[in-house]
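Student: Below you'll find final18.cif; it's mmCIF, N, CA and C atoms.
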data_protein
loop_
_atom_site.group_PDB
_atom_site.id
_atom_site.type_symbol
_atom_site.label_atom_id
_atom_site.label_comp_id
_atom_site.auth_asym_id
_atom_site.auth_seq_id
_atom_site.Cartn_x
_atom_site.Cartn_y
_atom_site.Cartn_z
ATOM 1 N N MET Z 1 149.324 117.558 111.576
ATOM 2 C CA MET Z 1 150.327 116.731 110.923
ATOM 3 C C MET Z 1 149.980 116.526 109.461
ATOM 4 N N LEU Z 2 148.738 116.150 109.189
ATOM 5 C CA LEU Z 2 148.305 115.911 107.820
ATOM 6 C C LEU Z 2 147.338 117.015 107.436
ATOM 7 N N SER Z 3 147.763 117.895 106.552
ATOM 8 C CA SER Z 3 146.926 119.019 106.145
ATOM 9 C C SER Z 3 146.738 118.971 104.637
ATOM 10 N N VAL Z 4 145.484 118.887 104.211
ATOM 11 C CA VAL Z 4 145.178 118.812 102.791
ATOM 12 C C VAL Z 4 144.163 119.895 102.461
ATOM 13 N N HIS Z 5 144.512 120.742 101.506
ATOM 14 C CA HIS Z 5 143.607 121.790 101.064
ATOM 15 C C HIS Z 5 143.454 121.668 99.556
ATOM 16 N N ALA Z 6 142.247 121.364 99.102
ATOM 17 C CA ALA Z 6 141.985 121.260 97.673
ATOM 18 C C ALA Z 6 140.571 121.759 97.397
ATOM 19 N N ALA Z 7 140.395 122.407 96.250
ATOM 20 C CA ALA Z 7 139.086 122.920 95.876
ATOM 21 C C ALA Z 7 138.128 121.772 95.572
ATOM 22 N N ASP Z 8 138.610 120.733 94.928
ATOM 23 C CA ASP Z 8 137.807 119.571 94.551
ATOM 24 C C ASP Z 8 137.881 118.524 95.662
ATOM 25 N N PRO Z 9 136.742 118.114 96.241
ATOM 26 C CA PRO Z 9 136.770 117.128 97.335
ATOM 27 C C PRO Z 9 137.442 115.809 96.946
ATOM 28 N N GLU Z 10 137.243 115.380 95.698
ATOM 29 C CA GLU Z 10 137.879 114.128 95.252
ATOM 30 C C GLU Z 10 139.399 114.275 95.226
ATOM 31 N N GLN Z 11 139.883 115.419 94.792
ATOM 32 C CA GLN Z 11 141.314 115.672 94.774
ATOM 33 C C GLN Z 11 141.859 115.696 96.206
ATOM 34 N N GLY Z 12 141.097 116.273 97.123
ATOM 35 C CA GLY Z 12 141.508 116.300 98.521
ATOM 36 C C GLY Z 12 141.625 114.899 99.103
ATOM 37 N N LEU Z 13 140.684 114.025 98.747
ATOM 38 C CA LEU Z 13 140.735 112.635 99.203
ATOM 39 C C LEU Z 13 141.957 111.927 98.637
ATOM 40 N N ASN Z 14 142.230 112.156 97.358
ATOM 41 C CA ASN Z 14 143.412 111.543 96.739
ATOM 42 C C ASN Z 14 144.693 112.017 97.406
ATOM 43 N N LEU Z 15 144.763 113.300 97.712
ATOM 44 C CA LEU Z 15 145.949 113.838 98.384
ATOM 45 C C LEU Z 15 146.103 113.246 99.785
ATOM 46 N N ALA Z 16 144.993 113.111 100.496
ATOM 47 C CA ALA Z 16 145.038 112.549 101.850
ATOM 48 C C ALA Z 16 145.470 111.089 101.810
ATOM 49 N N LEU Z 17 144.889 110.311 100.890
ATOM 50 C CA LEU Z 17 145.274 108.908 100.765
ATOM 51 C C LEU Z 17 146.746 108.767 100.373
ATOM 52 N N SER Z 18 147.189 109.623 99.482
ATOM 53 C CA SER Z 18 148.589 109.607 99.069
ATOM 54 C C SER Z 18 149.508 109.894 100.254
ATOM 55 N N ALA Z 19 149.122 110.845 101.091
ATOM 56 C CA ALA Z 19 149.934 111.182 102.262
ATOM 57 C C ALA Z 19 149.970 110.024 103.252
ATOM 58 N N VAL Z 20 148.821 109.390 103.494
ATOM 59 C CA VAL Z 20 148.760 108.267 104.434
ATOM 60 C C VAL Z 20 149.626 107.113 103.930
ATOM 61 N N VAL Z 21 149.497 106.770 102.648
ATOM 62 C CA VAL Z 21 150.294 105.686 102.087
ATOM 63 C C VAL Z 21 151.781 106.050 102.136
ATOM 64 N N GLY Z 22 152.089 107.310 101.922
ATOM 65 C CA GLY Z 22 153.483 107.755 102.022
ATOM 66 C C GLY Z 22 154.046 107.588 103.424
ATOM 67 N N TYR Z 23 153.235 107.904 104.444
ATOM 68 C CA TYR Z 23 153.680 107.712 105.831
ATOM 69 C C TYR Z 23 153.865 106.229 106.151
ATOM 70 N N VAL Z 24 152.958 105.379 105.660
ATOM 71 C CA VAL Z 24 153.110 103.934 105.869
ATOM 72 C C VAL Z 24 154.406 103.455 105.228
ATOM 73 N N SER Z 25 154.700 103.946 104.037
ATOM 74 C CA SER Z 25 155.939 103.601 103.349
ATOM 75 C C SER Z 25 157.156 104.017 104.167
ATOM 76 N N LEU Z 26 157.116 105.216 104.701
ATOM 77 C CA LEU Z 26 158.238 105.717 105.494
ATOM 78 C C LEU Z 26 158.471 104.857 106.725
ATOM 79 N N VAL Z 27 157.401 104.489 107.415
ATOM 80 C CA VAL Z 27 157.532 103.643 108.605
ATOM 81 C C VAL Z 27 158.097 102.281 108.233
ATOM 82 N N CYS Z 28 157.574 101.671 107.154
ATOM 83 C CA CYS Z 28 158.101 100.365 106.708
ATOM 84 C C CYS Z 28 159.588 100.472 106.391
ATOM 85 N N TRP Z 29 159.961 101.525 105.700
ATOM 86 C CA TRP Z 29 161.350 101.697 105.292
ATOM 87 C C TRP Z 29 162.273 101.871 106.507
ATOM 88 N N MET Z 30 161.780 102.588 107.526
ATOM 89 C CA MET Z 30 162.607 102.817 108.712
ATOM 90 C C MET Z 30 162.732 101.548 109.555
ATOM 91 N N VAL Z 31 161.647 100.792 109.669
ATOM 92 C CA VAL Z 31 161.620 99.621 110.537
ATOM 93 C C VAL Z 31 162.342 98.426 109.912
ATOM 94 N N VAL Z 32 162.367 98.359 108.592
ATOM 95 C CA VAL Z 32 162.878 97.173 107.905
ATOM 96 C C VAL Z 32 164.340 96.857 108.246
ATOM 97 N N MET Z 33 165.131 97.827 108.524
ATOM 98 C CA MET Z 33 166.554 97.595 108.745
ATOM 99 C C MET Z 33 166.900 97.070 110.146
ATOM 100 N N PHE Z 34 166.118 97.395 111.140
ATOM 101 C CA PHE Z 34 166.489 97.105 112.518
ATOM 102 C C PHE Z 34 166.660 95.623 112.850
ATOM 103 N N PRO Z 35 165.737 94.719 112.486
ATOM 104 C CA PRO Z 35 165.946 93.309 112.839
ATOM 105 C C PRO Z 35 167.197 92.709 112.209
ATOM 106 N N GLN Z 36 167.468 93.058 110.959
ATOM 107 C CA GLN Z 36 168.656 92.510 110.290
ATOM 108 C C GLN Z 36 169.929 93.044 110.920
ATOM 109 N N ILE Z 37 169.958 94.296 111.240
ATOM 110 C CA ILE Z 37 171.142 94.876 111.880
ATOM 111 C C ILE Z 37 171.386 94.201 113.222
ATOM 112 N N TYR Z 38 170.334 94.000 114.005
ATOM 113 C CA TYR Z 38 170.470 93.359 115.316
ATOM 114 C C TYR Z 38 170.949 91.912 115.173
ATOM 115 N N MET Z 39 170.372 91.170 114.222
ATOM 116 C CA MET Z 39 170.776 89.786 114.011
ATOM 117 C C MET Z 39 172.239 89.702 113.567
ATOM 118 N N ASN Z 40 172.641 90.575 112.671
ATOM 119 C CA ASN Z 40 174.034 90.580 112.223
ATOM 120 C C ASN Z 40 174.975 90.945 113.370
ATOM 121 N N TYR Z 41 174.554 91.845 114.243
ATOM 122 C CA TYR Z 41 175.368 92.209 115.401
ATOM 123 C C TYR Z 41 175.535 91.013 116.330
ATOM 124 N N GLN Z 42 174.446 90.279 116.580
ATOM 125 C CA GLN Z 42 174.525 89.107 117.448
ATOM 126 C C GLN Z 42 175.427 88.031 116.858
ATOM 127 N N ARG Z 43 175.332 87.835 115.566
ATOM 128 C CA ARG Z 43 176.140 86.807 114.889
ATOM 129 C C ARG Z 43 177.575 87.263 114.655
ATOM 130 N N LYS Z 44 177.796 88.540 114.777
ATOM 131 C CA LYS Z 44 179.096 89.137 114.441
ATOM 132 C C LYS Z 44 179.448 88.848 112.986
ATOM 133 N N SER Z 45 178.409 88.875 112.134
ATOM 134 C CA SER Z 45 178.585 88.573 110.719
ATOM 135 C C SER Z 45 177.525 89.311 109.908
ATOM 136 N N GLY Z 46 177.855 89.654 108.706
ATOM 137 C CA GLY Z 46 176.900 90.280 107.798
ATOM 138 C C GLY Z 46 176.378 89.298 106.771
ATOM 139 N N GLU Z 47 176.684 88.032 106.963
ATOM 140 C CA GLU Z 47 176.291 87.001 106.011
ATOM 141 C C GLU Z 47 174.796 86.679 106.150
ATOM 142 N N GLY Z 48 174.153 86.528 105.029
ATOM 143 C CA GLY Z 48 172.736 86.152 105.037
ATOM 144 C C GLY Z 48 171.825 87.351 105.135
ATOM 145 N N VAL Z 49 170.657 87.208 104.565
ATOM 146 C CA VAL Z 49 169.653 88.262 104.601
ATOM 147 C C VAL Z 49 168.342 87.643 105.052
ATOM 148 N N SER Z 50 167.690 88.269 105.994
ATOM 149 C CA SER Z 50 166.435 87.778 106.539
ATOM 150 C C SER Z 50 165.312 87.886 105.509
ATOM 151 N N LEU Z 51 164.497 86.837 105.391
ATOM 152 C CA LEU Z 51 163.344 86.855 104.503
ATOM 153 C C LEU Z 51 162.338 87.913 104.961
ATOM 154 N N VAL Z 52 162.157 88.037 106.274
ATOM 155 C CA VAL Z 52 161.233 89.045 106.804
ATOM 156 C C VAL Z 52 161.691 90.445 106.397
ATOM 157 N N MET Z 53 162.980 90.688 106.436
ATOM 158 C CA MET Z 53 163.507 91.988 106.035
ATOM 159 C C MET Z 53 163.195 92.261 104.563
ATOM 160 N N MET Z 54 163.396 91.268 103.723
ATOM 161 C CA MET Z 54 163.145 91.457 102.301
ATOM 162 C C MET Z 54 161.655 91.696 102.022
ATOM 163 N N ILE Z 55 160.774 90.972 102.719
ATOM 164 C CA ILE Z 55 159.334 91.156 102.541
ATOM 165 C C ILE Z 55 158.921 92.551 102.994
ATOM 166 N N ALA Z 56 159.422 92.985 104.138
ATOM 167 C CA ALA Z 56 159.096 94.325 104.632
ATOM 168 C C ALA Z 56 159.631 95.398 103.690
ATOM 169 N N TRP Z 57 160.807 95.174 103.148
ATOM 170 C CA TRP Z 57 161.405 96.128 102.214
ATOM 171 C C TRP Z 57 160.537 96.254 100.956
ATOM 172 N N VAL Z 58 160.101 95.117 100.408
ATOM 173 C CA VAL Z 58 159.254 95.137 99.217
ATOM 174 C C VAL Z 58 157.916 95.824 99.522
ATOM 175 N N CYS Z 59 157.330 95.521 100.688
ATOM 176 C CA CYS Z 59 156.066 96.180 101.072
ATOM 177 C C CYS Z 59 156.247 97.690 101.154
ATOM 178 N N GLY Z 60 157.342 98.116 101.748
ATOM 179 C CA GLY Z 60 157.617 99.551 101.843
ATOM 180 C C GLY Z 60 157.754 100.185 100.474
ATOM 181 N N ASP Z 61 158.428 99.501 99.561
ATOM 182 C CA ASP Z 61 158.588 100.032 98.202
ATOM 183 C C ASP Z 61 157.254 100.099 97.472
ATOM 184 N N ILE Z 62 156.406 99.076 97.664
ATOM 185 C CA ILE Z 62 155.090 99.085 97.038
ATOM 186 C C ILE Z 62 154.261 100.264 97.532
ATOM 187 N N PHE Z 63 154.265 100.484 98.863
ATOM 188 C CA PHE Z 63 153.532 101.626 99.412
ATOM 189 C C PHE Z 63 154.129 102.938 98.922
ATOM 190 N N ASN Z 64 155.435 102.985 98.779
ATOM 191 C CA ASN Z 64 156.096 104.198 98.305
ATOM 192 C C ASN Z 64 155.674 104.518 96.878
ATOM 193 N N ILE Z 65 155.687 103.514 96.015
ATOM 194 C CA ILE Z 65 155.275 103.728 94.629
ATOM 195 C C ILE Z 65 153.806 104.107 94.558
ATOM 196 N N THR Z 66 152.975 103.408 95.332
ATOM 197 C CA THR Z 66 151.544 103.696 95.349
ATOM 198 C C THR Z 66 151.283 105.122 95.837
ATOM 199 N N GLY Z 67 152.012 105.552 96.835
ATOM 200 C CA GLY Z 67 151.845 106.900 97.370
ATOM 201 C C GLY Z 67 152.290 107.982 96.402
ATOM 202 N N ALA Z 68 153.190 107.631 95.502
ATOM 203 C CA ALA Z 68 153.688 108.615 94.536
ATOM 204 C C ALA Z 68 152.746 108.795 93.351
ATOM 205 N N LEU Z 69 151.808 107.864 93.173
ATOM 206 C CA LEU Z 69 150.898 107.933 92.020
ATOM 207 C C LEU Z 69 149.829 108.957 92.177
#
Output the file's structure as structure tokens, nothing else.

Tutor:
Amino acid sequence: MLSVHAADPEQGLNLALSAVVGYVSLVCWMVVMFPQIYMNYQRKSGEGVSLVMMIAWVCGDIFNITGAL
């Protein structure tokens, strides 16, 4: 799943860390929407935004930016 090939060991570590952080970002981004969608479905309303959703969204974005560096 995670394959890193680099001549310089330090570069290989950076690539591996970048990939791991990128996967964490992807998982956060995918999971962040589900609780809000379910809550809105139960309420039959799209009004309001969950604080947990916003925190998870920001965490996912932080990991995404960090993984891109």

Student: Please determine, counting all atoms listed in the file, which residue among Z:Cys59, Z:Ile65, Z:Val52, Z:Leu13 has the shortest atom-to-atom distance to Z:Cys28.

Tutor: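 Among the listed residues, the smallest separation from Z:Cys28 belongs to Z:Cys59.
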
Student: What separation in Å, quoted to one decimal, exists between atom C of Z:Gly60 and atom CA of Z:Ser25?

Tutor: 4.8 Å

Student: In Å, with one decimal, what is the gap from atom C of Z:Ser18 to atom N of Z:Asp61?

Tutor: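 For atom C of Z:Ser18 relative to atom N of Z:Asp61, the distance reads 13.7 Å.
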
Student: So how far away is atom CA of Z:Ile55 from atom CA of Z:Ala19, in Å?

Tutor: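 These atoms are spaced 22.1 Å apart.
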
Student: May I have the residues within 8 Å of Z:Met33 as a ChimeraX atom specification, using only N, CA and C atoms and disregarding those fewer than 5 positions away in the same chain?

Tutor: /Z:28,38-39,53,56-57

Student: Could you please take those selected residues and save N, CA and C atoms as a PDB file, in the frame of the given file?

Tutor:
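Written output follows (result27.pdb):
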ATOM      1  N   CYS Z  28     157.574 101.671 107.154  1.00  0.00           N
ATOM      2  CA  CYS Z  28     158.101 100.365 106.708  1.00  0.00           C
ATOM      3  C   CYS Z  28     159.588 100.472 106.391  1.00  0.00           C
ATOM      4  N   TYR Z  38     170.334  94.000 114.005  1.00  0.00           N
ATOM      5  CA  TYR Z  38     170.470  93.359 115.316  1.00  0.00           C
ATOM      6  C   TYR Z  38     170.949  91.912 115.173  1.00  0.00           C
ATOM      7  N   MET Z  39     170.372  91.170 114.222  1.00  0.00           N
ATOM      8  CA  MET Z  39     170.776  89.786 114.011  1.00  0.00           C
ATOM      9  C   MET Z  39     172.239  89.702 113.567  1.00  0.00           C
ATOM     10  N   MET Z  53     162.980  90.688 106.436  1.00  0.00           N
ATOM     11  CA  MET Z  53     163.507  91.988 106.035  1.00  0.00           C
ATOM     12  C   MET Z  53     163.195  92.261 104.563  1.00  0.00           C
ATOM     13  N   ALA Z  56     159.422  92.985 104.138  1.00  0.00           N
ATOM     14  CA  ALA Z  56     159.096  94.325 104.632  1.00  0.00           C
ATOM     15  C   ALA Z  56     159.631  95.398 103.690  1.00  0.00           C
ATOM     16  N   TRP Z  57     160.807  95.174 103.148  1.00  0.00           N
ATOM     17  CA  TRP Z  57     161.405  96.128 102.214  1.00  0.00           C
ATOM     18  C   TRP Z  57     160.537  96.254 100.956  1.00  0.00           C
TER      19      TRP Z  57
END

Student: Between Z:Val27, Z:Met54, Z:Glu47, Z:Leu17, which has the minimum distance to Z:Gly67 (counting all atoms listed in the file)?

Tutor: Z:Leu17

Student: Go ahead and fit an axis-aligned box to every listed atom of stretch 19-25 of chain Z plus 8 Å each side, and pass me the centre and edge lengths in Å, one decimal, as JSON.

Tutor:
{"center_x": 153.0, "center_y": 107.3, "center_z": 103.6, "size_x": 24.4, "size_y": 23.7, "size_z": 21.1}

Student: Take the point (170.8, 91.7, 110.2) as written in the file and pick out every residue within 9 Å of it, counting only C-alpha atoms; give the list as a PDB file with N, CA and C atoms, in the frame of the given file.

Tutor:
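Result file part15.pdb:
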ATOM      1  N   MET Z  33     165.131  97.827 108.524  1.00  0.00           N
ATOM      2  CA  MET Z  33     166.554  97.595 108.745  1.00  0.00           C
ATOM      3  C   MET Z  33     166.900  97.070 110.146  1.00  0.00           C
ATOM      4  N   PHE Z  34     166.118  97.395 111.140  1.00  0.00           N
ATOM      5  CA  PHE Z  34     166.489  97.105 112.518  1.00  0.00           C
ATOM      6  C   PHE Z  34     166.660  95.623 112.850  1.00  0.00           C
ATOM      7  N   PRO Z  35     165.737  94.719 112.486  1.00  0.00           N
ATOM      8  CA  PRO Z  35     165.946  93.309 112.839  1.00  0.00           C
ATOM      9  C   PRO Z  35     167.197  92.709 112.209  1.00  0.00           C
ATOM     10  N   GLN Z  36     167.468  93.058 110.959  1.00  0.00           N
ATOM     11  CA  GLN Z  36     168.656  92.510 110.290  1.00  0.00           C
ATOM     12  C   GLN Z  36     169.929  93.044 110.920  1.00  0.00           C
ATOM     13  N   ILE Z  37     169.958  94.296 111.240  1.00  0.00           N
ATOM     14  CA  ILE Z  37     171.142  94.876 111.880  1.00  0.00           C
ATOM     15  C   ILE Z  37     171.386  94.201 113.222  1.00  0.00           C
ATOM     16  N   TYR Z  38     170.334  94.000 114.005  1.00  0.00           N
ATOM     17  CA  TYR Z  38     170.470  93.359 115.316  1.00  0.00           C
ATOM     18  C   TYR Z  38     170.949  91.912 115.173  1.00  0.00           C
ATOM     19  N   MET Z  39     170.372  91.170 114.222  1.00  0.00           N
ATOM     20  CA  MET Z  39     170.776  89.786 114.011  1.00  0.00           C
ATOM     21  C   MET Z  39     172.239  89.702 113.567  1.00  0.00           C
ATOM     22  N   ASN Z  40     172.641  90.575 112.671  1.00  0.00           N
ATOM     23  CA  ASN Z  40     174.034  90.580 112.223  1.00  0.00           C
ATOM     24  C   ASN Z  40     174.975  90.945 113.370  1.00  0.00           C
ATOM     25  N   TYR Z  41     174.554  91.845 114.243  1.00  0.00           N
ATOM     26  CA  TYR Z  41     175.368  92.209 115.401  1.00  0.00           C
ATOM     27  C   TYR Z  41     175.535  91.013 116.330  1.00  0.00           C
ATOM     28  N   GLN Z  42     174.446  90.279 116.580  1.00  0.00           N
ATOM     29  CA  GLN Z  42     174.525  89.107 117.448  1.00  0.00           C
ATOM     30  C   GLN Z  42     175.427  88.031 116.858  1.00  0.00           C
ATOM     31  N   ARG Z  43     175.332  87.835 115.566  1.00  0.00           N
ATOM     32  CA  ARG Z  43     176.140  86.807 114.889  1.00  0.00           C
ATOM     33  C   ARG Z  43     177.575  87.263 114.655  1.00  0.00           C
ATOM     34  N   SER Z  45     178.409  88.875 112.134  1.00  0.00           N
ATOM     35  CA  SER Z  45     178.585  88.573 110.719  1.00  0.00           C
ATOM     36  C   SER Z  45     177.525  89.311 109.908  1.00  0.00           C
ATOM     37  N   GLY Z  46     177.855  89.654 108.706  1.00  0.00           N
ATOM     38  CA  GLY Z  46     176.900  90.280 107.798  1.00  0.00           C
ATOM     39  C   GLY Z  46     176.378  89.298 106.771  1.00  0.00           C
ATOM     40  N   GLU Z  47     176.684  88.032 106.963  1.00  0.00           N
ATOM     41  CA  GLU Z  47     176.291  87.001 106.011  1.00  0.00           C
ATOM     42  C   GLU Z  47     174.796  86.679 106.150  1.00  0.00           C
ATOM     43  N   GLY Z  48     174.153  86.528 105.029  1.00  0.00           N
ATOM     44  CA  GLY Z  48     172.736  86.152 105.037  1.00  0.00           C
ATOM     45  C   GLY Z  48     171.825  87.351 105.135  1.00  0.00           C
ATOM     46  N   VAL Z  49     170.657  87.208 104.565  1.00  0.00           N
ATOM     47  CA  VAL Z  49     169.653  88.262 104.601  1.00  0.00           C
ATOM     48  C   VAL Z  49     168.342  87.643 105.052  1.00  0.00           C
ATOM     49  N   SER Z  50     167.690  88.269 105.994  1.00  0.00           N
ATOM     50  CA  SER Z  50     166.435  87.778 106.539  1.00  0.00           C
ATOM     51  C   SER Z  50     165.312  87.886 105.509  1.00  0.00           C
ATOM     52  N   MET Z  53     162.980  90.688 106.436  1.00  0.00           N
ATOM     53  CA  MET Z  53     163.507  91.988 106.035  1.00  0.00           C
ATOM     54  C   MET Z  53     163.195  92.261 104.563  1.00  0.00           C
TER      55      MET Z  53
END

Student: Choose the residue, out of Z:Lys44, Z:Gly22, Z:Leu15, Z:Glu10, that has the smallest atom-to-atom separation from Z:Asn64; count only C-alpha atoms.

Tutor: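 Smallest distance to Z:Asn64 is found for Z:Gly22.
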